[in-house]
$ cat data-v3.pdb   # PDB, C-alpha atoms
ATOM      1  CA  MET X   1      11.912   9.554  -9.853  1.00  0.00           C
ATOM      2  CA  LYS X   2      12.593   6.035  -8.627  1.00  0.00           C
ATOM      3  CA  ILE X   3       9.331   4.119  -8.077  1.00  0.00           C
ATOM      4  CA  LYS X   4       9.289   0.695  -6.447  1.00  0.00           C
ATOM      5  CA  ARG X   5       6.183  -1.470  -6.120  1.00  0.00           C
ATOM      6  CA  ASN X   6       6.347  -4.192  -3.461  1.00  0.00           C
ATOM      7  CA  LEU X   7       4.016  -6.777  -2.004  1.00  0.00           C
ATOM      8  CA  ILE X   8       4.864  -7.012   1.708  1.00  0.00           C
ATOM      9  CA  ASN X   9       3.967 -10.136   3.703  1.00  0.00           C
ATOM     10  CA  PHE X  10       2.815  -9.801   7.319  1.00  0.00           C
ATOM     11  CA  ASN X  11       2.803 -13.101   9.193  1.00  0.00           C
ATOM     12  CA  ASP X  12       2.264 -11.897  12.778  1.00  0.00           C
ATOM     13  CA  GLY X  13      -1.510 -11.672  12.497  1.00  0.00           C
ATOM     14  CA  LEU X  14      -3.789  -8.698  12.785  1.00  0.00           C
ATOM     15  CA  ALA X  15      -6.772  -8.267  15.119  1.00  0.00           C
ATOM     16  CA  LEU X  16      -9.519  -6.244  13.436  1.00  0.00           C
ATOM     17  CA  GLU X  17     -11.996  -3.882  15.091  1.00  0.00           C
ATOM     18  CA  SER X  18     -14.773  -6.263  14.017  1.00  0.00           C
ATOM     19  CA  GLY X  19     -13.299  -8.928  16.314  1.00  0.00           C
ATOM     20  CA  ALA X  20     -12.039 -11.048  13.420  1.00  0.00           C
ATOM     21  CA  LYS X  21      -8.350 -11.878  13.063  1.00  0.00           C
ATOM     22  CA  LEU X  22      -6.216 -12.317   9.979  1.00  0.00           C
ATOM     23  CA  ASP X  23      -3.392 -14.783  10.659  1.00  0.00           C
ATOM     24  CA  SER X  24      -1.372 -13.315   7.805  1.00  0.00           C
ATOM     25  CA  PHE X  25      -1.902 -10.885   4.954  1.00  0.00           C
ATOM     26  CA  GLU X  26      -0.140  -9.084   2.116  1.00  0.00           C
ATOM     27  CA  LEU X  27      -0.098  -5.358   1.504  1.00  0.00           C
ATOM     28  CA  MET X  28       0.812  -3.680  -1.804  1.00  0.00           C
ATOM     29  CA  VAL X  29       2.939  -0.540  -1.463  1.00  0.00           C
ATOM     30  CA  GLU X  30       4.789   1.878  -3.693  1.00  0.00           C
ATOM     31  CA  THR X  31       7.824   3.819  -2.566  1.00  0.00           C
ATOM     32  CA  TYR X  32       9.449   6.892  -4.041  1.00  0.00           C
ATOM     33  CA  GLY X  33      12.904   8.270  -3.325  1.00  0.00           C
ATOM     34  CA  GLU X  34      15.488   6.785  -0.974  1.00  0.00           C
ATOM     35  CA  LEU X  35      15.474   6.166   2.776  1.00  0.00           C
ATOM     36  CA  ASN X  36      18.419   7.945   4.433  1.00  0.00           C
ATOM     37  CA  ASN X  37      20.933   6.199   6.722  1.00  0.00           C
ATOM     38  CA  GLU X  38      19.227   7.579   9.850  1.00  0.00           C
ATOM     39  CA  LYS X  39      15.846   6.381   8.535  1.00  0.00           C
ATOM     40  CA  SER X  40      14.445   9.784   9.476  1.00  0.00           C
ATOM     41  CA  ASN X  41      13.134  11.014   6.118  1.00  0.00           C
ATOM     42  CA  GLY X  42      10.121   8.741   5.671  1.00  0.00           C
ATOM     43  CA  ILE X  43       6.652  10.040   4.864  1.00  0.00           C
ATOM     44  CA  LEU X  44       3.552   7.836   4.792  1.00  0.00           C
ATOM     45  CA  ILE X  45       0.841   8.830   2.333  1.00  0.00           C
ATOM     46  CA  CYS X  46      -2.348   7.054   3.376  1.00  0.00           C
ATOM     47  CA  HIS X  47      -4.531   5.286   0.833  1.00  0.00           C
ATOM     48  CA  ALA X  48      -7.556   7.357   1.863  1.00  0.00           C
ATOM     49  CA  PHE X  49      -5.798  10.444   0.513  1.00  0.00           C
ATOM     50  CA  SER X  50      -4.543   8.843  -2.688  1.00  0.00           C
ATOM     51  CA  GLY X  51      -7.249   6.488  -4.022  1.00  0.00           C
ATOM     52  CA  ASN X  52      -4.813   3.539  -4.066  1.00  0.00           C
ATOM     53  CA  HIS X  53      -1.103   2.858  -3.606  1.00  0.00           C
ATOM     54  CA  HIS X  54      -0.135   4.523  -6.911  1.00  0.00           C
ATOM     55  CA  ALA X  55       0.349   8.048  -5.610  1.00  0.00           C
ATOM     56  CA  ALA X  56       2.893   9.483  -8.046  1.00  0.00           C
ATOM     57  CA  GLY X  57       4.777   9.032 -11.284  1.00  0.00           C
ATOM     58  CA  ILE X  58       3.905   6.893 -14.274  1.00  0.00           C
ATOM     59  CA  LEU X  59       4.697   3.180 -14.158  1.00  0.00           C
ATOM     60  CA  GLU X  60       6.046   1.271 -17.143  1.00  0.00           C
ATOM     61  CA  ASP X  61       2.859  -0.806 -17.459  1.00  0.00           C
ATOM     62  CA  SER X  62       0.514   2.194 -17.290  1.00  0.00           C
ATOM     63  CA  GLU X  63      -0.008   5.602 -18.825  1.00  0.00           C
ATOM     64  CA  GLU X  64      -1.896   6.915 -15.786  1.00  0.00           C
ATOM     65  CA  PRO X  65      -0.084   9.253 -13.411  1.00  0.00           C
ATOM     66  CA  GLY X  66      -0.459   8.665  -9.687  1.00  0.00           C
ATOM     67  CA  TRP X  67      -3.250  10.362  -7.766  1.00  0.00           C
ATOM     68  CA  TRP X  68      -0.922  12.955  -6.223  1.00  0.00           C
ATOM     69  CA  ASP X  69       1.527  13.273  -9.102  1.00  0.00           C
ATOM     70  CA  ASN X  70       1.294  17.084  -8.936  1.00  0.00           C
ATOM     71  CA  ILE X  71       2.399  17.022  -5.281  1.00  0.00           C
ATOM     72  CA  ILE X  72       4.863  14.095  -4.959  1.00  0.00           C
ATOM     73  CA  GLY X  73       8.154  14.052  -6.847  1.00  0.00           C
ATOM     74  CA  PRO X  74      11.502  15.791  -7.265  1.00  0.00           C
ATOM     75  CA  GLY X  75      11.182  19.495  -6.403  1.00  0.00           C
ATOM     76  CA  LYS X  76       7.483  19.196  -5.557  1.00  0.00           C
ATOM     77  CA  ALA X  77       5.760  19.808  -2.196  1.00  0.00           C
ATOM     78  CA  VAL X  78       6.621  16.259  -1.077  1.00  0.00           C
ATOM     79  CA  ASP X  79      10.129  16.295  -2.540  1.00  0.00           C
ATOM     80  CA  THR X  80      11.384  12.777  -3.290  1.00  0.00           C
ATOM     81  CA  ASP X  81      14.938  14.125  -3.569  1.00  0.00           C
ATOM     82  CA  LYS X  82      14.674  14.775   0.207  1.00  0.00           C
ATOM     83  CA  TYR X  83      12.068  12.292   1.424  1.00  0.00           C
ATOM     84  CA  PHE X  84      11.374   8.576   1.193  1.00  0.00           C
ATOM     85  CA  VAL X  85       7.654   8.340   0.483  1.00  0.00           C
ATOM     86  CA  ILE X  86       5.554   5.231   1.111  1.00  0.00           C
ATOM     87  CA  CYS X  87       1.989   4.814  -0.093  1.00  0.00           C
ATOM     88  CA  SER X  88       0.153   1.603   0.726  1.00  0.00           C
ATOM     89  CA  ASN X  89      -3.002   0.054  -0.567  1.00  0.00           C
ATOM     90  CA  VAL X  90      -5.448  -1.095   2.110  1.00  0.00           C
ATOM     91  CA  ILE X  91      -6.309  -4.604   3.194  1.00  0.00           C
ATOM     92  CA  SER X  92      -9.181  -5.720   0.940  1.00  0.00           C
ATOM     93  CA  GLY X  93      -8.094  -3.218  -1.720  1.00  0.00           C
ATOM     94  CA  CYS X  94      -8.545  -4.414  -5.278  1.00  0.00           C
ATOM     95  CA  LEU X  95      -5.007  -3.670  -6.465  1.00  0.00           C
ATOM     96  CA  GLY X  96      -2.825  -6.400  -5.031  1.00  0.00           C
ATOM     97  CA  SER X  97      -3.426  -6.364  -1.286  1.00  0.00           C
ATOM     98  CA  PHE X  98      -4.973  -9.265   0.630  1.00  0.00           C
ATOM     99  CA  GLY X  99      -8.731  -9.313   0.279  1.00  0.00           C
ATOM    100  CA  PRO X 100     -11.931 -11.170  -0.662  1.00  0.00           C
ATOM    101  CA  SER X 101     -10.328 -12.882  -3.681  1.00  0.00           C
ATOM    102  CA  ASN X 102      -7.778 -14.645  -1.448  1.00  0.00           C
ATOM    103  CA  THR X 103      -8.204 -18.089   0.094  1.00  0.00           C
ATOM    104  CA  ASN X 104      -9.257 -18.497   3.712  1.00  0.00           C
ATOM    105  CA  ASN X 105      -6.697 -20.929   5.176  1.00  0.00           C
ATOM    106  CA  GLU X 106      -9.251 -22.297   7.657  1.00  0.00           C
ATOM    107  CA  THR X 107     -11.816 -23.289   5.000  1.00  0.00           C
ATOM    108  CA  ASN X 108      -9.586 -23.639   1.927  1.00  0.00           C
ATOM    109  CA  LYS X 109     -12.188 -21.589   0.028  1.00  0.00           C
ATOM    110  CA  VAL X 110     -11.983 -18.102  -1.451  1.00  0.00           C
ATOM    111  CA  TYR X 111     -13.335 -15.551   1.032  1.00  0.00           C
ATOM    112  CA  VAL X 112     -15.618 -13.629  -1.371  1.00  0.00           C
ATOM    113  CA  THR X 113     -18.470 -12.338   0.859  1.00  0.00           C
ATOM    114  CA  THR X 114     -17.121 -13.961   4.042  1.00  0.00           C
ATOM    115  CA  PHE X 115     -14.087 -11.649   4.146  1.00  0.00           C
ATOM    116  CA  PRO X 116     -13.956  -9.841   7.506  1.00  0.00           C
ATOM    117  CA  VAL X 117     -15.239  -6.276   7.722  1.00  0.00           C
ATOM    118  CA  ILE X 118     -12.343  -3.817   7.340  1.00  0.00           C
ATOM    119  CA  THR X 119     -12.567  -0.367   8.926  1.00  0.00           C
ATOM    120  CA  ILE X 120     -10.021   2.427   8.903  1.00  0.00           C
ATOM    121  CA  ASN X 121     -10.050   4.185  12.236  1.00  0.00           C
TER     122      ASN X 121
END
$ encode --input "data-v3.pdb" --output "structure tokens"
Amino acid sequence: MKIKRNLINFNDGLALESGAKLDSFELMVETYGELNNEKSNGILICHAFSGNHHAAGILEDSEEPGWWDNIIGPGKAVDTDKYFVICSNVISGCLGSFGPSNTNNETNKVYVTTFPVITIN
């Protein structure tokens, strides 16, 4: 199974339910399988179901299988021979996405405890 890990940059800003706004942020994702020409075979696996963005397979730098390795992959319930699967970490996640350890551009200081409240509605 082909696994790709990518850090995606979003520069359009994001208004949060808390009223705060992030001017830009990065989101870590893993993808499995291939997107078809019609771009109609995509499936999003949400972080809340998977524990983090590593949903399936075993990466070269790890011996741990993904959270849903029994379900996602060739010939499995979410068949990566048919579907292009995306699993993203969440903003403020500890595995590569933008969060409290990043620098606040307004203050030039690391956010730490001043990072905006993140909710998943």
$ atom_distance --input "data-v3.pdb" --atom1 "atom CA of X:Trp67" --atom2 "atom CA of X:Asn52"
7.9 Å
$ residues_near_point --input "data-v3.pdb" --point "(-2.5, -3.7, -7.6)" --cutoff "9 Å" --atoms "only C-alpha atoms" --output "list of chain:residue names"
X:Met28, X:Val29, X:Asn52, X:His53, X:His54, X:Asn89, X:Gly93, X:Cys94, X:Leu95, X:Gly96, X:Ser97
$ closest_residue --input "data-v3.pdb" --among "X:Ile86, X:Leu35, X:Ile91, X:Cys46" --to "X:Phe10" --atoms "only C-alpha atoms"
X:Ile91
$ residues_near_point --input "data-v3.pdb" --point "(10.8, 16.2, -6.5)" --cutoff "12 Å" --atoms "only C-alpha atoms" --output "PDB file with C-alpha atoms, keeping the file's coordinate frame"
ATOM      1  CA  MET X   1      11.912   9.554  -9.853  1.00  0.00           C
ATOM      2  CA  LYS X   2      12.593   6.035  -8.627  1.00  0.00           C
ATOM      3  CA  TYR X  32       9.449   6.892  -4.041  1.00  0.00           C
ATOM      4  CA  GLY X  33      12.904   8.270  -3.325  1.00  0.00           C
ATOM      5  CA  GLU X  34      15.488   6.785  -0.974  1.00  0.00           C
ATOM      6  CA  ALA X  56       2.893   9.483  -8.046  1.00  0.00           C
ATOM      7  CA  GLY X  57       4.777   9.032 -11.284  1.00  0.00           C
ATOM      8  CA  ASP X  69       1.527  13.273  -9.102  1.00  0.00           C
ATOM      9  CA  ASN X  70       1.294  17.084  -8.936  1.00  0.00           C
ATOM     10  CA  ILE X  71       2.399  17.022  -5.281  1.00  0.00           C
ATOM     11  CA  ILE X  72       4.863  14.095  -4.959  1.00  0.00           C
ATOM     12  CA  GLY X  73       8.154  14.052  -6.847  1.00  0.00           C
ATOM     13  CA  PRO X  74      11.502  15.791  -7.265  1.00  0.00           C
ATOM     14  CA  GLY X  75      11.182  19.495  -6.403  1.00  0.00           C
ATOM     15  CA  LYS X  76       7.483  19.196  -5.557  1.00  0.00           C
ATOM     16  CA  ALA X  77       5.760  19.808  -2.196  1.00  0.00           C
ATOM     17  CA  VAL X  78       6.621  16.259  -1.077  1.00  0.00           C
ATOM     18  CA  ASP X  79      10.129  16.295  -2.540  1.00  0.00           C
ATOM     19  CA  THR X  80      11.384  12.777  -3.290  1.00  0.00           C
ATOM     20  CA  ASP X  81      14.938  14.125  -3.569  1.00  0.00           C
ATOM     21  CA  LYS X  82      14.674  14.775   0.207  1.00  0.00           C
ATOM     22  CA  TYR X  83      12.068  12.292   1.424  1.00  0.00           C
ATOM     23  CA  PHE X  84      11.374   8.576   1.193  1.00  0.00           C
ATOM     24  CA  VAL X  85       7.654   8.340   0.483  1.00  0.00           C
TER      25      VAL X  85
END
$ closest_residue --input "data-v3.pdb" --among "X:Val90, X:Ile3, X:Leu27, X:Ile45" --to "X:Ile118" --atoms "all atoms listed in the file"
X:Val90
$ resolve_selection --input "data-v3.pdb" --expression "the PyMOL selection byres ((chain X and resi 111) around 12)" --output "PyMOL selection string"
chain X and resi 22+92+98-110+112-117
$ write_last_selection --input "data-v3.pdb" --atoms "C-alpha atoms" --output "mmCIF file, keeping the file's coordinate frame"
data_model
loop_
_atom_site.group_PDB
_atom_site.id
_atom_site.type_symbol
_atom_site.label_atom_id
_atom_site.label_comp_id
_atom_site.auth_asym_id
_atom_site.auth_seq_id
_atom_site.Cartn_x
_atom_site.Cartn_y
_atom_site.Cartn_z
ATOM 1 C CA LEU X 22 -6.216 -12.317 9.979
ATOM 2 C CA SER X 92 -9.181 -5.720 0.940
ATOM 3 C CA PHE X 98 -4.973 -9.265 0.630
ATOM 4 C CA GLY X 99 -8.731 -9.313 0.279
ATOM 5 C CA PRO X 100 -11.931 -11.170 -0.662
ATOM 6 C CA SER X 101 -10.328 -12.882 -3.681
ATOM 7 C CA ASN X 102 -7.778 -14.645 -1.448
ATOM 8 C CA THR X 103 -8.204 -18.089 0.094
ATOM 9 C CA ASN X 104 -9.257 -18.497 3.712
ATOM 10 C CA ASN X 105 -6.697 -20.929 5.176
ATOM 11 C CA GLU X 106 -9.251 -22.297 7.657
ATOM 12 C CA THR X 107 -11.816 -23.289 5.000
ATOM 13 C CA ASN X 108 -9.586 -23.639 1.927
ATOM 14 C CA LYS X 109 -12.188 -21.589 0.028
ATOM 15 C CA VAL X 110 -11.983 -18.102 -1.451
ATOM 16 C CA VAL X 112 -15.618 -13.629 -1.371
ATOM 17 C CA THR X 113 -18.470 -12.338 0.859
ATOM 18 C CA THR X 114 -17.121 -13.961 4.042
ATOM 19 C CA PHE X 115 -14.087 -11.649 4.146
ATOM 20 C CA PRO X 116 -13.956 -9.841 7.506
ATOM 21 C CA VAL X 117 -15.239 -6.276 7.722
#
$ axis_aligned_box --input "data-v3.pdb" --around "stretch 98-102 of chain X" --padding-each-side "5 Å" --output "AutoDock Vina command-line options"
--center_x -8.5 --center_y -12.0 --center_z -1.5 --size_x 17.0 --size_y 15.4 --size_z 14.3
$ atom_distance --input "data-v3.pdb" --atom1 "atom CA of X:Ser88" --atom2 "atom CA of X:Glu26"
10.8 Å
$ atom_distance --input "data-v3.pdb" --atom1 "atom CA of X:Lys39" --atom2 "atom CA of X:Cys87"
16.4 Å
$ closest_residue --input "data-v3.pdb" --among "X:Ile120, X:Leu44, X:Ala20, X:Leu59" --to "X:Arg5" --atoms "all atoms listed in the file"
X:Leu59
$ residues_around --input "data-v3.pdb" --residues "X:Asp23" --least-positions-apart "2" --cutoff "8 Å" --atoms "all atoms listed in the file" --output "count of residues only"
6
$ build_atoms --input "data-v3.pdb" --residues "stretch 96-121 of chain X" --atoms "N, CA, C and O atoms" --output "PDB file, in the coordinates of the input"
ATOM      1  N   GLY X  96      -3.956  -5.605  -5.469  1.00  0.00           N
ATOM      2  CA  GLY X  96      -2.825  -6.400  -5.031  1.00  0.00           C
ATOM      3  C   GLY X  96      -2.758  -6.750  -3.569  1.00  0.00           C
ATOM      4  O   GLY X  96      -2.064  -7.684  -3.190  1.00  0.00           O
ATOM      5  N   SER X  97      -3.454  -6.034  -2.709  1.00  0.00           N
ATOM      6  CA  SER X  97      -3.426  -6.364  -1.286  1.00  0.00           C
ATOM      7  C   SER X  97      -4.384  -7.510  -0.977  1.00  0.00           C
ATOM      8  O   SER X  97      -5.302  -7.802  -1.728  1.00  0.00           O
ATOM      9  N   PHE X  98      -4.164  -8.138   0.170  1.00  0.00           N
ATOM     10  CA  PHE X  98      -4.973  -9.265   0.630  1.00  0.00           C
ATOM     11  C   PHE X  98      -6.431  -8.856   0.751  1.00  0.00           C
ATOM     12  O   PHE X  98      -6.732  -7.791   1.282  1.00  0.00           O
ATOM     13  N   GLY X  99      -7.323  -9.679   0.241  1.00  0.00           N
ATOM     14  CA  GLY X  99      -8.731  -9.313   0.279  1.00  0.00           C
ATOM     15  C   GLY X  99      -9.661 -10.464  -0.054  1.00  0.00           C
ATOM     16  O   GLY X  99      -9.273 -11.641   0.015  1.00  0.00           O
ATOM     17  N   PRO X 100     -10.886 -10.162  -0.427  1.00  0.00           N
ATOM     18  CA  PRO X 100     -11.931 -11.170  -0.662  1.00  0.00           C
ATOM     19  C   PRO X 100     -11.602 -12.203  -1.734  1.00  0.00           C
ATOM     20  O   PRO X 100     -12.161 -13.301  -1.727  1.00  0.00           O
ATOM     21  N   SER X 101     -10.676 -11.908  -2.637  1.00  0.00           N
ATOM     22  CA  SER X 101     -10.328 -12.882  -3.681  1.00  0.00           C
ATOM     23  C   SER X 101      -9.259 -13.875  -3.224  1.00  0.00           C
ATOM     24  O   SER X 101      -8.917 -14.797  -3.955  1.00  0.00           O
ATOM     25  N   ASN X 102      -8.759 -13.708  -1.996  1.00  0.00           N
ATOM     26  CA  ASN X 102      -7.778 -14.645  -1.448  1.00  0.00           C
ATOM     27  C   ASN X 102      -8.464 -15.821  -0.770  1.00  0.00           C
ATOM     28  O   ASN X 102      -9.643 -15.769  -0.430  1.00  0.00           O
ATOM     29  N   THR X 103      -7.687 -16.869  -0.536  1.00  0.00           N
ATOM     30  CA  THR X 103      -8.204 -18.089   0.094  1.00  0.00           C
ATOM     31  C   THR X 103      -8.118 -18.003   1.608  1.00  0.00           C
ATOM     32  O   THR X 103      -7.093 -17.603   2.162  1.00  0.00           O
ATOM     33  N   ASN X 104      -9.206 -18.388   2.260  1.00  0.00           N
ATOM     34  CA  ASN X 104      -9.257 -18.497   3.712  1.00  0.00           C
ATOM     35  C   ASN X 104      -8.561 -19.802   4.084  1.00  0.00           C
ATOM     36  O   ASN X 104      -9.004 -20.884   3.684  1.00  0.00           O
ATOM     37  N   ASN X 105      -7.466 -19.729   4.826  1.00  0.00           N
ATOM     38  CA  ASN X 105      -6.697 -20.929   5.176  1.00  0.00           C
ATOM     39  C   ASN X 105      -7.484 -21.911   6.035  1.00  0.00           C
ATOM     40  O   ASN X 105      -7.216 -23.106   6.024  1.00  0.00           O
ATOM     41  N   GLU X 106      -8.451 -21.417   6.796  1.00  0.00           N
ATOM     42  CA  GLU X 106      -9.251 -22.297   7.657  1.00  0.00           C
ATOM     43  C   GLU X 106     -10.243 -23.141   6.864  1.00  0.00           C
ATOM     44  O   GLU X 106     -10.529 -24.274   7.221  1.00  0.00           O
ATOM     45  N   THR X 107     -10.792 -22.577   5.772  1.00  0.00           N
ATOM     46  CA  THR X 107     -11.816 -23.289   5.000  1.00  0.00           C
ATOM     47  C   THR X 107     -11.300 -23.792   3.659  1.00  0.00           C
ATOM     48  O   THR X 107     -11.949 -24.604   3.016  1.00  0.00           O
ATOM     49  N   ASN X 108     -10.143 -23.334   3.245  1.00  0.00           N
ATOM     50  CA  ASN X 108      -9.586 -23.639   1.927  1.00  0.00           C
ATOM     51  C   ASN X 108     -10.471 -23.162   0.782  1.00  0.00           C
ATOM     52  O   ASN X 108     -10.431 -23.707  -0.308  1.00  0.00           O
ATOM     53  N   LYS X 109     -11.313 -22.172   1.043  1.00  0.00           N
ATOM     54  CA  LYS X 109     -12.188 -21.589   0.028  1.00  0.00           C
ATOM     55  C   LYS X 109     -11.882 -20.099  -0.081  1.00  0.00           C
ATOM     56  O   LYS X 109     -11.432 -19.466   0.876  1.00  0.00           O
ATOM     57  N   VAL X 110     -12.159 -19.532  -1.253  1.00  0.00           N
ATOM     58  CA  VAL X 110     -11.983 -18.102  -1.451  1.00  0.00           C
ATOM     59  C   VAL X 110     -12.963 -17.365  -0.546  1.00  0.00           C
ATOM     60  O   VAL X 110     -14.124 -17.763  -0.409  1.00  0.00           O
ATOM     61  N   TYR X 111     -12.505 -16.299   0.087  1.00  0.00           N
ATOM     62  CA  TYR X 111     -13.335 -15.551   1.032  1.00  0.00           C
ATOM     63  C   TYR X 111     -14.619 -15.013   0.405  1.00  0.00           C
ATOM     64  O   TYR X 111     -15.698 -15.163   0.962  1.00  0.00           O
ATOM     65  N   VAL X 112     -14.513 -14.331  -0.709  1.00  0.00           N
ATOM     66  CA  VAL X 112     -15.618 -13.629  -1.371  1.00  0.00           C
ATOM     67  C   VAL X 112     -16.392 -12.815  -0.320  1.00  0.00           C
ATOM     68  O   VAL X 112     -15.835 -11.921   0.281  1.00  0.00           O
ATOM     69  N   THR X 113     -17.645 -13.139  -0.058  1.00  0.00           N
ATOM     70  CA  THR X 113     -18.470 -12.338   0.859  1.00  0.00           C
ATOM     71  C   THR X 113     -18.227 -12.641   2.336  1.00  0.00           C
ATOM     72  O   THR X 113     -18.775 -11.954   3.195  1.00  0.00           O
ATOM     73  N   THR X 114     -17.416 -13.641   2.640  1.00  0.00           N
ATOM     74  CA  THR X 114     -17.121 -13.961   4.042  1.00  0.00           C
ATOM     75  C   THR X 114     -15.873 -13.236   4.551  1.00  0.00           C
ATOM     76  O   THR X 114     -15.481 -13.430   5.701  1.00  0.00           O
ATOM     77  N   PHE X 115     -15.278 -12.383   3.705  1.00  0.00           N
ATOM     78  CA  PHE X 115     -14.087 -11.649   4.146  1.00  0.00           C
ATOM     79  C   PHE X 115     -14.467 -10.736   5.308  1.00  0.00           C
ATOM     80  O   PHE X 115     -15.524 -10.097   5.282  1.00  0.00           O
ATOM     81  N   PRO X 116     -13.631 -10.664   6.342  1.00  0.00           N
ATOM     82  CA  PRO X 116     -13.956  -9.841   7.506  1.00  0.00           C
ATOM     83  C   PRO X 116     -14.169  -8.374   7.132  1.00  0.00           C
ATOM     84  O   PRO X 116     -13.568  -7.857   6.191  1.00  0.00           O
ATOM     85  N   VAL X 117     -14.994  -7.706   7.916  1.00  0.00           N
ATOM     86  CA  VAL X 117     -15.239  -6.276   7.722  1.00  0.00           C
ATOM     87  C   VAL X 117     -13.947  -5.520   8.053  1.00  0.00           C
ATOM     88  O   VAL X 117     -13.325  -5.765   9.091  1.00  0.00           O
ATOM     89  N   ILE X 118     -13.544  -4.632   7.151  1.00  0.00           N
ATOM     90  CA  ILE X 118     -12.343  -3.817   7.340  1.00  0.00           C
ATOM     91  C   ILE X 118     -12.786  -2.378   7.582  1.00  0.00           C
ATOM     92  O   ILE X 118     -13.575  -1.825   6.817  1.00  0.00           O
ATOM     93  N   THR X 119     -12.287  -1.786   8.656  1.00  0.00           N
ATOM     94  CA  THR X 119     -12.567  -0.367   8.926  1.00  0.00           C
ATOM     95  C   THR X 119     -11.225   0.343   9.051  1.00  0.00           C
ATOM     96  O   THR X 119     -10.215  -0.259   9.388  1.00  0.00           O
ATOM     97  N   ILE X 120     -11.225   1.611   8.755  1.00  0.00           N
ATOM     98  CA  ILE X 120     -10.021   2.427   8.903  1.00  0.00           C
ATOM     99  C   ILE X 120     -10.345   3.487   9.942  1.00  0.00           C
ATOM    100  O   ILE X 120     -11.135   4.383   9.702  1.00  0.00           O
ATOM    101  N   ASN X 121      -9.754   3.299  11.111  1.00  0.00           N
ATOM    102  CA  ASN X 121     -10.050   4.185  12.236  1.00  0.00           C
ATOM    103  C   ASN X 121      -9.085   5.343  12.253  1.00  0.00           C
ATOM    104  O   ASN X 121      -7.920   5.202  12.131  1.00  0.00           O
TER     105      ASN X 121
END
